[in-house]
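Trainee: Just entry.txt, nothing more (compact mmCIF, C-alpha atoms):
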# COMPACT_ATOMS: atom_id res chain seq x y z
CA MET A 1 52.71 153.51 44.91
CA SER A 2 52.00 150.21 43.24
CA THR A 3 50.63 150.24 39.70
CA PRO A 4 47.70 148.02 38.58
CA ARG A 5 50.19 145.89 36.67
CA LYS A 6 52.26 145.28 39.79
CA ARG A 7 49.16 144.47 41.84
CA ALA A 8 48.03 141.95 39.20
CA ALA A 9 51.42 140.18 38.94
CA PRO A 10 50.98 137.89 42.00
CA SER A 11 47.53 136.77 40.80
CA LEU A 12 48.89 136.07 37.32
CA CYS A 13 51.73 133.97 38.76
CA LEU A 14 49.30 131.98 40.91
CA ALA A 15 47.01 131.43 37.92
CA LEU A 16 49.97 130.31 35.82
CA SER A 17 50.99 127.93 38.60
CA ALA A 18 47.53 126.36 38.62
CA LEU A 19 47.52 125.95 34.82
CA LEU A 20 50.97 124.33 34.85
CA ALA A 21 49.87 121.95 37.61
CA LEU A 22 46.82 120.94 35.58
CA ALA A 23 49.01 120.40 32.53
CA ALA A 24 51.37 118.25 34.61
CA LEU A 25 48.47 116.06 35.73
CA ALA A 26 47.00 115.84 32.22
CA GLY A 27 49.90 113.62 31.05
CA PRO A 28 49.40 110.91 33.70
CA ALA A 29 45.62 111.02 33.18
CA ALA A 30 46.01 110.53 29.42
CA ALA A 31 48.53 107.72 29.97
CA ALA A 32 46.19 105.95 32.38
CA TRP A 33 43.38 106.24 29.82
CA GLU A 34 45.56 104.84 27.01
CA ASN A 35 46.79 101.97 29.17
CA ARG A 36 43.25 101.07 30.16
CA ALA A 37 42.23 101.09 26.49
CA LEU A 38 45.11 98.69 25.70
CA ARG A 39 43.97 96.25 28.37
CA GLU A 40 40.37 96.37 27.17
CA GLU A 41 41.36 95.93 23.51
CA PHE A 42 43.68 92.96 24.07
CA SER A 43 41.84 89.80 23.05
CA GLY A 44 44.15 87.10 24.42
CA GLY A 45 43.02 84.76 21.65
CA GLY A 46 46.35 84.02 19.99
CA ARG A 47 47.13 80.65 18.44
CA SER A 48 50.45 80.00 20.17
CA ARG A 49 49.60 81.20 23.71
CA GLN A 50 53.21 80.71 24.84
CA TYR A 51 53.41 84.18 26.38
CA LEU A 52 50.03 83.71 28.06
CA GLN A 53 51.26 80.42 29.53
CA GLY A 54 54.39 82.08 30.90
CA VAL A 55 56.90 80.11 28.84
CA PRO A 56 60.38 81.67 29.32
CA VAL A 57 61.33 83.62 26.21
CA GLU A 58 64.60 81.69 25.85
CA GLU A 59 62.58 78.45 25.63
CA MET A 60 59.87 79.58 23.22
CA ASP A 61 59.15 78.04 19.84
CA TRP A 62 59.35 81.18 17.72
CA ASP A 63 58.18 79.36 14.58
CA SER A 64 54.72 79.10 16.13
CA LEU A 65 54.68 82.89 16.50
CA ALA A 66 55.94 83.64 12.98
CA TYR A 67 52.39 84.28 11.70
CA CYS A 68 52.25 87.40 13.87
CA PHE A 69 55.02 89.12 11.92
CA GLN A 70 54.07 88.40 8.31
CA ARG A 71 52.22 91.68 7.82
CA VAL A 72 55.28 93.67 8.91
CA GLU A 73 57.78 91.72 6.83
CA THR A 74 55.87 92.35 3.59
CA ALA A 75 56.16 96.14 3.89
CA ASN A 76 57.75 97.95 0.94
CA ALA A 77 61.53 98.27 1.22
CA VAL A 78 63.11 101.74 1.31
CA PRO A 79 66.88 102.11 0.65
CA VAL A 80 68.79 103.21 3.76
CA ASP A 81 72.34 103.10 5.08
CA ASN A 82 72.20 100.21 7.55
CA ARG A 83 75.64 100.80 9.08
CA VAL A 84 76.34 102.94 12.12
CA SER A 85 79.30 103.44 14.43
CA LEU A 86 78.28 102.97 18.05
CA PRO A 87 78.61 106.16 20.14
CA PHE A 88 78.42 104.12 23.37
CA PRO A 89 78.75 100.47 24.46
CA ILE A 90 75.85 98.02 24.19
CA PRO A 91 75.87 95.41 26.96
CA TYR A 92 74.06 92.10 26.54
CA TYR A 93 73.01 89.64 29.22
CA THR A 94 72.16 85.96 29.50
CA MET A 95 69.92 84.10 31.93
CA GLU A 96 71.68 81.77 34.36
CA GLU A 97 69.72 80.09 37.16
CA GLY A 98 67.03 82.74 37.00
CA GLU A 99 69.47 85.67 37.13
CA LEU A 100 70.61 87.99 34.35
CA VAL A 101 74.39 88.06 34.11
CA PRO A 102 76.65 89.96 31.66
CA ALA A 103 77.36 88.00 28.48
CA ALA A 104 78.95 90.40 25.99
CA VAL A 105 79.55 94.08 25.31
CA ILE A 106 79.83 95.72 21.90
CA PRO A 107 82.34 98.55 22.52
CA PRO A 108 81.86 102.14 21.35
CA GLY A 109 83.27 102.91 17.93
CA THR A 110 82.27 99.49 16.58
CA GLU A 111 80.52 99.59 13.20
CA ILE A 112 77.34 97.53 13.33
CA LEU A 113 74.51 96.67 10.97
CA TRP A 114 71.43 98.11 12.62
CA LEU A 115 69.38 96.42 9.87
CA PRO A 116 70.28 93.08 8.25
CA LYS A 117 70.03 94.63 4.76
CA PRO A 118 70.28 98.25 3.55
CA GLU A 119 66.50 98.56 3.37
CA MET A 120 64.26 100.40 5.79
CA HIS A 121 61.78 97.52 6.04
CA SER A 122 64.22 94.59 6.00
CA TRP A 123 62.61 93.60 9.26
CA ALA A 124 64.21 90.58 10.94
CA VAL A 125 62.22 89.28 13.89
CA GLY A 126 64.31 89.49 17.04
CA TYR A 127 67.39 91.12 15.49
CA GLY A 128 69.01 94.31 16.78
CA LEU A 129 66.49 97.11 17.25
CA HIS A 130 63.60 94.76 16.45
CA SER A 131 63.82 92.96 19.76
CA LEU A 132 61.17 90.77 21.32
CA PRO A 133 59.36 91.61 24.55
CA THR A 134 59.99 89.81 27.82
CA TYR A 135 57.80 89.61 30.90
CA GLU A 136 59.67 92.47 32.60
CA ARG A 137 59.27 96.05 31.47
CA GLY A 138 62.42 97.50 29.92
CA TRP A 139 64.13 94.16 29.17
CA ARG A 140 64.25 92.88 25.60
CA TYR A 141 65.34 89.64 23.91
CA ALA A 142 67.23 89.91 20.63
CA LEU A 143 70.07 88.70 18.47
CA PRO A 144 73.02 91.07 19.02
CA PHE A 145 73.94 93.44 16.21
CA LEU A 146 76.18 91.84 13.61
CA THR A 147 79.88 92.52 14.16
CA GLU A 148 83.04 90.42 14.15
CA GLU A 149 82.80 90.21 17.95
CA THR A 150 79.18 89.00 18.13
CA ALA A 151 79.63 86.46 15.33
CA ALA A 152 81.53 84.30 17.82
CA LEU A 153 78.43 84.05 20.02
CA GLY A 154 76.85 81.63 17.55
CA GLY A 155 73.79 83.73 16.80
CA GLU A 156 72.16 83.16 20.19
CA PRO A 157 69.60 85.76 21.32
CA LEU A 158 70.51 87.69 24.47
CA PHE A 159 68.82 90.13 26.81
CA VAL A 160 69.32 93.87 26.39
CA ARG A 161 67.88 97.01 27.97
CA LEU A 162 65.21 98.85 25.98
CA GLU A 163 66.65 102.21 27.03
CA THR A 164 69.93 101.24 25.34
CA LEU A 165 68.13 100.45 22.09
CA GLU A 166 66.13 103.70 22.36
CA ALA A 167 69.34 105.70 22.74
CA LEU A 168 70.83 104.00 19.69
CA ALA A 169 67.63 104.61 17.70
CA GLY A 170 67.88 108.30 18.57
CA GLU A 171 71.46 108.41 17.28
CA ILE A 172 70.47 106.60 14.07
CA TYR A 173 67.58 109.01 13.56
CA ARG A 174 69.84 112.02 14.06
CA SER A 175 72.42 110.78 11.54
CA SER A 176 70.15 109.24 8.88
CA PRO A 177 68.23 111.54 6.51
CA GLN A 178 66.57 108.47 4.93
CA VAL A 179 65.02 107.52 8.28
CA ARG A 180 63.88 111.10 8.97
CA LYS A 181 62.01 111.11 5.65
CA GLN A 182 60.07 107.99 6.63
CA LEU A 183 59.21 108.48 10.30
CA SER A 184 59.00 111.07 13.03
CA ARG A 185 61.50 110.83 15.88
CA GLN A 186 58.87 109.54 18.32
CA ALA A 187 57.60 106.96 15.82
CA PHE A 188 61.13 105.68 15.20
CA THR A 189 62.31 105.58 18.82
CA ARG A 190 59.10 103.99 20.14
CA ARG A 191 56.79 102.35 17.61
CA TYR A 192 59.62 101.17 15.32
CA LEU A 193 61.40 99.51 18.25
CA LEU A 194 58.17 97.92 19.50
CA GLN A 195 56.91 96.45 16.23
CA ALA A 196 57.13 92.93 17.64
CA ASP A 197 55.08 94.01 20.67
CA LEU A 198 52.45 95.59 18.43
CA ALA A 199 52.28 92.49 16.21
CA LEU A 200 51.90 90.16 19.22
CA PHE A 201 49.24 92.46 20.67
CA ARG A 202 47.32 92.60 17.39
CA GLU A 203 47.17 88.80 17.18
CA GLY A 204 46.14 88.37 20.82
CA GLU A 205 49.40 86.69 21.85
CA PHE A 206 50.82 89.11 24.41
CA LEU A 207 50.24 92.53 25.95
CA SER A 208 53.79 93.71 26.51
CA ALA A 209 54.49 95.96 29.49
CA ASP A 210 56.64 98.10 27.16
CA LEU A 211 53.49 99.13 25.25
CA TYR A 212 52.14 100.88 28.33
CA TRP A 213 52.71 104.62 28.49
CA PRO A 214 54.60 105.74 31.63
CA LEU A 215 52.15 107.10 34.21
CA TRP A 216 54.49 109.91 35.24
CA PRO A 217 56.54 111.14 32.25
CA LEU A 218 59.48 113.51 32.59
CA SER A 219 57.40 116.27 31.01
CA SER A 220 55.01 116.15 33.97
CA THR A 221 57.91 116.51 36.39
CA ALA A 222 59.20 119.55 34.48
CA LEU A 223 55.74 121.14 34.41
CA LEU A 224 55.25 120.51 38.11
CA CYS A 225 58.60 122.15 38.89
CA LEU A 226 57.60 125.19 36.82
CA SER A 227 54.26 125.26 38.63
CA ALA A 228 55.99 125.26 42.03
CA ALA A 229 58.36 128.03 40.88
CA ALA A 230 55.44 130.17 39.66
CA LEU A 231 53.58 129.55 42.94
CA LEU A 232 56.54 130.56 45.10
CA PHE A 233 57.22 133.63 42.98
CA GLY A 234 53.56 134.65 43.14
CA LEU A 235 53.51 134.27 46.93
CA TYR A 236 56.74 136.26 47.18
CA LEU A 237 55.28 139.09 45.12
CA ARG A 238 52.09 139.09 47.19
CA MET A 239 53.98 139.17 50.51
CA ARG A 240 56.33 141.83 49.19
CA GLY A 241 53.43 143.92 47.98
CA GLY A 242 51.61 143.50 51.30
CA GLY A 243 54.70 144.57 53.24
CA GLN A 244 55.03 147.75 51.18
CA THR A 245 51.39 148.62 51.73
CA LEU A 246 51.69 148.10 55.49
CA PHE A 247 54.80 150.26 55.63
CA GLN A 248 53.10 152.97 53.61
CA ASP A 249 50.04 152.85 55.91
CA LYS A 250 52.23 153.34 59.00
CA ASN A 251 53.89 156.36 57.45
CA LEU A 252 50.48 157.72 56.52
CA ARG A 253 49.19 157.37 60.09
CA LYS A 254 52.33 159.07 61.46
CA SER A 255 51.87 161.96 59.05
CA LYS A 256 48.28 162.42 60.19
CA THR A 257 49.19 162.57 63.88
CA ARG A 258 52.25 164.78 63.43
CA LYS A 259 51.83 168.21 65.02
CA PHE A 260 53.24 171.42 63.60
Could I get this file's structure written as structure tokens?
Mentor:
Amino acid sequence: MSTPRKRAAPSLCLALSALLALAALAGPAAAAWENRALREEFSGGGRSRQYLQGVPVEEMDWDSLAYCFQRVETANAVPVDNRVSLPFPIPYYTMEEGELVPAAVIPPGTEILWLPKPEMHSWAVGYGLHSLPTYERGWRYALPFLTEETAALGGEPLFVRLETLEALAGEIYRSSPQVRKQLSRQAFTRRYLLQADLALFREGEFLSADLYWPLWPLSSTALLCLSAAALLFGLYLRMRGGGQTLFQDKNLRKSKTRKF
């Protein structure tokens, strides 16, 4: 005989599945709302207008955009260890005839300066983590981190993947107590890396694609998988419970018709 708790289990699993599915859809809905708000807030009234005119980033006059970054550069300095040993390689690319081709790789184990000076707010426009946005989501434009190997490149900015810089920022955050005192992990691995994007957005120069929140984050995928698992388990329990009831009913009918 099934207990009330057993009879309620399938319904609870199905309800949990529905809640998880709603939670999975809440992330994309919130991201779409935030992205729409960004588009509506962007003024497009910057002084330089190079981004708005589609000037290639490697041909831009960055002096005309310097006014965008003054507010960030005057932030109070906080002492921090600006050296880190790379746990993985950092590849850089250059643009040749409209195609990105490999230019240099900083190998793992190399000690780099992730900030120009040992100060949390020694913010150098376009250096290292503080890269500049390009027209394609996920690609950044920056001076490579200072090492003996990159010094030979003559200080020319190169293209680098944002996901590579995010991974390095996560490693720096994990190993630096000074950074953890100043910022949360999300603030450091997203907003800190995109300070140039935020400054350009604030001045009406450029709405970077990297500022947009992803419409389908990994958390939504995980929640949807959990929802599907709860749904399947709930259906299994319901079918299993129904099969037991049918079997019991057959036995009951046989017992009623049995003659003694």
Trainee: Measuring between all atoms listed in the file, which one of A:Ala29, A:Leu65, A:Val179, A:Met120 shows the shortest distance to Leu200 (chain A)?
Mentor: A:Leu65
Trainee: Any chance you could tabulate, as CSV, the residues of region 30-136 of chain A at most 10 Å from region 209-212 of chain A with each one's nearest atom pair and distance in Å to one decimal, using all atoms listed in the file, in chain and rising number order?
Mentor:
residue,atom,partner,partner_atom,distance
A:Ala31,CA,A:Tyr212,CA,7.9
A:Ala32,CA,A:Tyr212,CA,8.8
A:Glu34,CA,A:Tyr212,CA,7.8
A:Asn35,CA,A:Tyr212,CA,5.5
A:Arg36,CA,A:Tyr212,CA,9.1
A:Leu38,CA,A:Tyr212,CA,7.8
A:Arg39,CA,A:Tyr212,CA,9.4
A:Pro133,CA,A:Asp210,CA,7.5
A:Thr134,CA,A:Ala209,CA,8.4
A:Tyr135,CA,A:Ala209,CA,7.3
A:Glu136,CA,A:Ala209,CA,7.0
Trainee: Hey, which of A:Glu96, A:Gln182, A:Glu166, A:Leu194 ends up closest to Ser131 (chain A)? Count all atoms listed in the file.
Mentor: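 That would be A:Leu194, the residue with the smallest distance to Ser131 (chain A).
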Trainee: How far is it from CA of Ile106 (chain A) to CA of Val78 (chain A), in Å with one decimal?
Mentor: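 Separating CA of Ile106 (chain A) from CA of Val78 (chain A) is a distance of 27.2 Å.
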Trainee: Could you tell me, as a PyMOL selection string, which residues have any atom at most 10 Å from (70.0, 81.1, 30.7), counting only C-alpha atoms?
Mentor: chain A and resi 56+58-59+93-101+158-159
Trainee: Of the candidates A:Ser64, A:Ser227, A:Gln70, A:Ser48, which shows the shortest atom-to-atom distance to Glu205 (chain A), using all atoms listed in the file?
Mentor: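 Nearest to Glu205 (chain A): A:Ser48.
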Trainee: Please identify all polymer residues within 10 Å of Arg202 (chain A), counting all atoms listed in the file, omitting same-chain residues fewer than 2 positions from it, and present them as a ChimeraX atom specification.
Mentor: /A:41-46,68,196-200,204-207
Trainee: Closest to Gly128 (chain A) among A:Trp62, A:Tyr192, A:Phe88, A:Phe201, using all atoms listed in the file?
Mentor: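 Among the listed residues, A:Tyr192 lies closest to Gly128 (chain A).
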Trainee: For the atom pair CA of Pro91 (chain A) and CA of Asp63 (chain A), what is the interatomic distance in Å to one decimal place?
Mentor: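 Going from CA of Pro91 (chain A) over to CA of Asp63 (chain A) covers 26.9 Å.
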Trainee: Of the residues A:Val160, A:Leu14, A:Ala187, A:Leu52, which is the one nearest to Ile90 (chain A), using only C-alpha atoms?
Mentor: A:Val160
Trainee: So, with all atoms listed in the file as the atoms that count, which of A:Trp213, A:Tyr51, A:Trp33, A:Trp139 lies closest to Leu162 (chain A)?
Mentor: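 Using all atoms listed in the file, Leu162 (chain A) sits closest to A:Trp139.
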Trainee: One decimal, in Å: what's the spacing between CA of Pro144 (chain A) and CA of Gly54 (chain A)?
Mentor: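 According to the coordinates, CA of Pro144 (chain A) and CA of Gly54 (chain A) are separated by 23.9 Å.
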Trainee: If I only want region 32-54 of chain A, can you write it with N, CA and C atoms, as a PDB file, in the first residue's frame?
Mentor:
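Heads up, here's the output in part_3.pdb:
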ATOM      1  N   ALA A  32      17.978  39.994 -21.279  1.00  0.00           N
ATOM      2  CA  ALA A  32      17.359  40.746 -22.374  1.00  0.00           C
ATOM      3  C   ALA A  32      16.920  42.130 -21.904  1.00  0.00           C
ATOM      4  N   TRP A  33      16.398  42.189 -20.679  1.00  0.00           N
ATOM      5  CA  TRP A  33      15.965  43.476 -20.114  1.00  0.00           C
ATOM      6  C   TRP A  33      17.164  44.412 -19.920  1.00  0.00           C
ATOM      7  N   GLU A  34      18.249  43.875 -19.350  1.00  0.00           N
ATOM      8  CA  GLU A  34      19.444  44.690 -19.113  1.00  0.00           C
ATOM      9  C   GLU A  34      20.045  45.173 -20.431  1.00  0.00           C
ATOM     10  N   ASN A  35      20.091  44.298 -21.430  1.00  0.00           N
ATOM     11  CA  ASN A  35      20.657  44.684 -22.720  1.00  0.00           C
ATOM     12  C   ASN A  35      19.813  45.757 -23.404  1.00  0.00           C
ATOM     13  N   ARG A  36      18.513  45.641 -23.269  1.00  0.00           N
ATOM     14  CA  ARG A  36      17.637  46.676 -23.836  1.00  0.00           C
ATOM     15  C   ARG A  36      17.863  48.016 -23.133  1.00  0.00           C
ATOM     16  N   ALA A  37      18.028  47.964 -21.805  1.00  0.00           N
ATOM     17  CA  ALA A  37      18.276  49.196 -21.054  1.00  0.00           C
ATOM     18  C   ALA A  37      19.589  49.848 -21.492  1.00  0.00           C
ATOM     19  N   LEU A  38      20.620  49.024 -21.783  1.00  0.00           N
ATOM     20  CA  LEU A  38      21.888  49.571 -22.264  1.00  0.00           C
ATOM     21  C   LEU A  38      21.700  50.316 -23.586  1.00  0.00           C
ATOM     22  N   ARG A  39      20.970  49.695 -24.494  1.00  0.00           N
ATOM     23  CA  ARG A  39      20.761  50.327 -25.806  1.00  0.00           C
ATOM     24  C   ARG A  39      19.992  51.640 -25.678  1.00  0.00           C
ATOM     25  N   GLU A  40      19.005  51.657 -24.786  1.00  0.00           N
ATOM     26  CA  GLU A  40      18.209  52.869 -24.620  1.00  0.00           C
ATOM     27  C   GLU A  40      18.995  53.972 -23.923  1.00  0.00           C
ATOM     28  N   GLU A  41      19.927  53.579 -23.042  1.00  0.00           N
ATOM     29  CA  GLU A  41      20.694  54.575 -22.276  1.00  0.00           C
ATOM     30  C   GLU A  41      21.842  55.170 -23.078  1.00  0.00           C
ATOM     31  N   PHE A  42      22.337  54.426 -24.062  1.00  0.00           N
ATOM     32  CA  PHE A  42      23.498  54.902 -24.826  1.00  0.00           C
ATOM     33  C   PHE A  42      23.121  56.133 -25.642  1.00  0.00           C
ATOM     34  N   SER A  43      23.897  57.204 -25.459  1.00  0.00           N
ATOM     35  CA  SER A  43      23.556  58.478 -26.090  1.00  0.00           C
ATOM     36  C   SER A  43      24.111  58.619 -27.503  1.00  0.00           C
ATOM     37  N   GLY A  44      25.309  58.066 -27.750  1.00  0.00           N
ATOM     38  CA  GLY A  44      25.928  58.203 -29.057  1.00  0.00           C
ATOM     39  C   GLY A  44      26.404  59.613 -29.355  1.00  0.00           C
ATOM     40  N   GLY A  45      26.593  60.425 -28.312  1.00  0.00           N
ATOM     41  CA  GLY A  45      26.983  61.814 -28.524  1.00  0.00           C
ATOM     42  C   GLY A  45      28.415  62.117 -28.167  1.00  0.00           C
ATOM     43  N   GLY A  46      29.314  61.148 -28.352  1.00  0.00           N
ATOM     44  CA  GLY A  46      30.714  61.351 -28.001  1.00  0.00           C
ATOM     45  C   GLY A  46      31.406  62.354 -28.910  1.00  0.00           C
ATOM     46  N   ARG A  47      32.514  62.890 -28.416  1.00  0.00           N
ATOM     47  CA  ARG A  47      33.253  63.904 -29.174  1.00  0.00           C
ATOM     48  C   ARG A  47      34.065  63.301 -30.323  1.00  0.00           C
ATOM     49  N   SER A  48      34.655  62.149 -30.101  1.00  0.00           N
ATOM     50  CA  SER A  48      35.547  61.568 -31.098  1.00  0.00           C
ATOM     51  C   SER A  48      34.786  60.892 -32.236  1.00  0.00           C
ATOM     52  N   ARG A  49      33.822  60.050 -31.895  1.00  0.00           N
ATOM     53  CA  ARG A  49      32.947  59.363 -32.843  1.00  0.00           C
ATOM     54  C   ARG A  49      33.709  58.393 -33.760  1.00  0.00           C
ATOM     55  N   GLN A  50      34.920  58.011 -33.382  1.00  0.00           N
ATOM     56  CA  GLN A  50      35.677  57.086 -34.231  1.00  0.00           C
ATOM     57  C   GLN A  50      35.034  55.698 -34.264  1.00  0.00           C
ATOM     58  N   TYR A  51      34.608  55.233 -33.089  1.00  0.00           N
ATOM     59  CA  TYR A  51      33.930  53.934 -33.042  1.00  0.00           C
ATOM     60  C   TYR A  51      32.634  53.984 -33.849  1.00  0.00           C
ATOM     61  N   LEU A  52      31.872  55.064 -33.689  1.00  0.00           N
ATOM     62  CA  LEU A  52      30.595  55.184 -34.386  1.00  0.00           C
ATOM     63  C   LEU A  52      30.791  55.252 -35.898  1.00  0.00           C
ATOM     64  N   GLN A  53      31.936  55.738 -36.335  1.00  0.00           N
ATOM     65  CA  GLN A  53      32.239  55.823 -37.765  1.00  0.00           C
ATOM     66  C   GLN A  53      32.879  54.544 -38.301  1.00  0.00           C
ATOM     67  N   GLY A  54      33.127  53.584 -37.412  1.00  0.00           N
ATOM     68  CA  GLY A  54      33.674  52.305 -37.848  1.00  0.00           C
ATOM     69  C   GLY A  54      35.149  52.313 -38.160  1.00  0.00           C
TER      70      GLY A  54
END
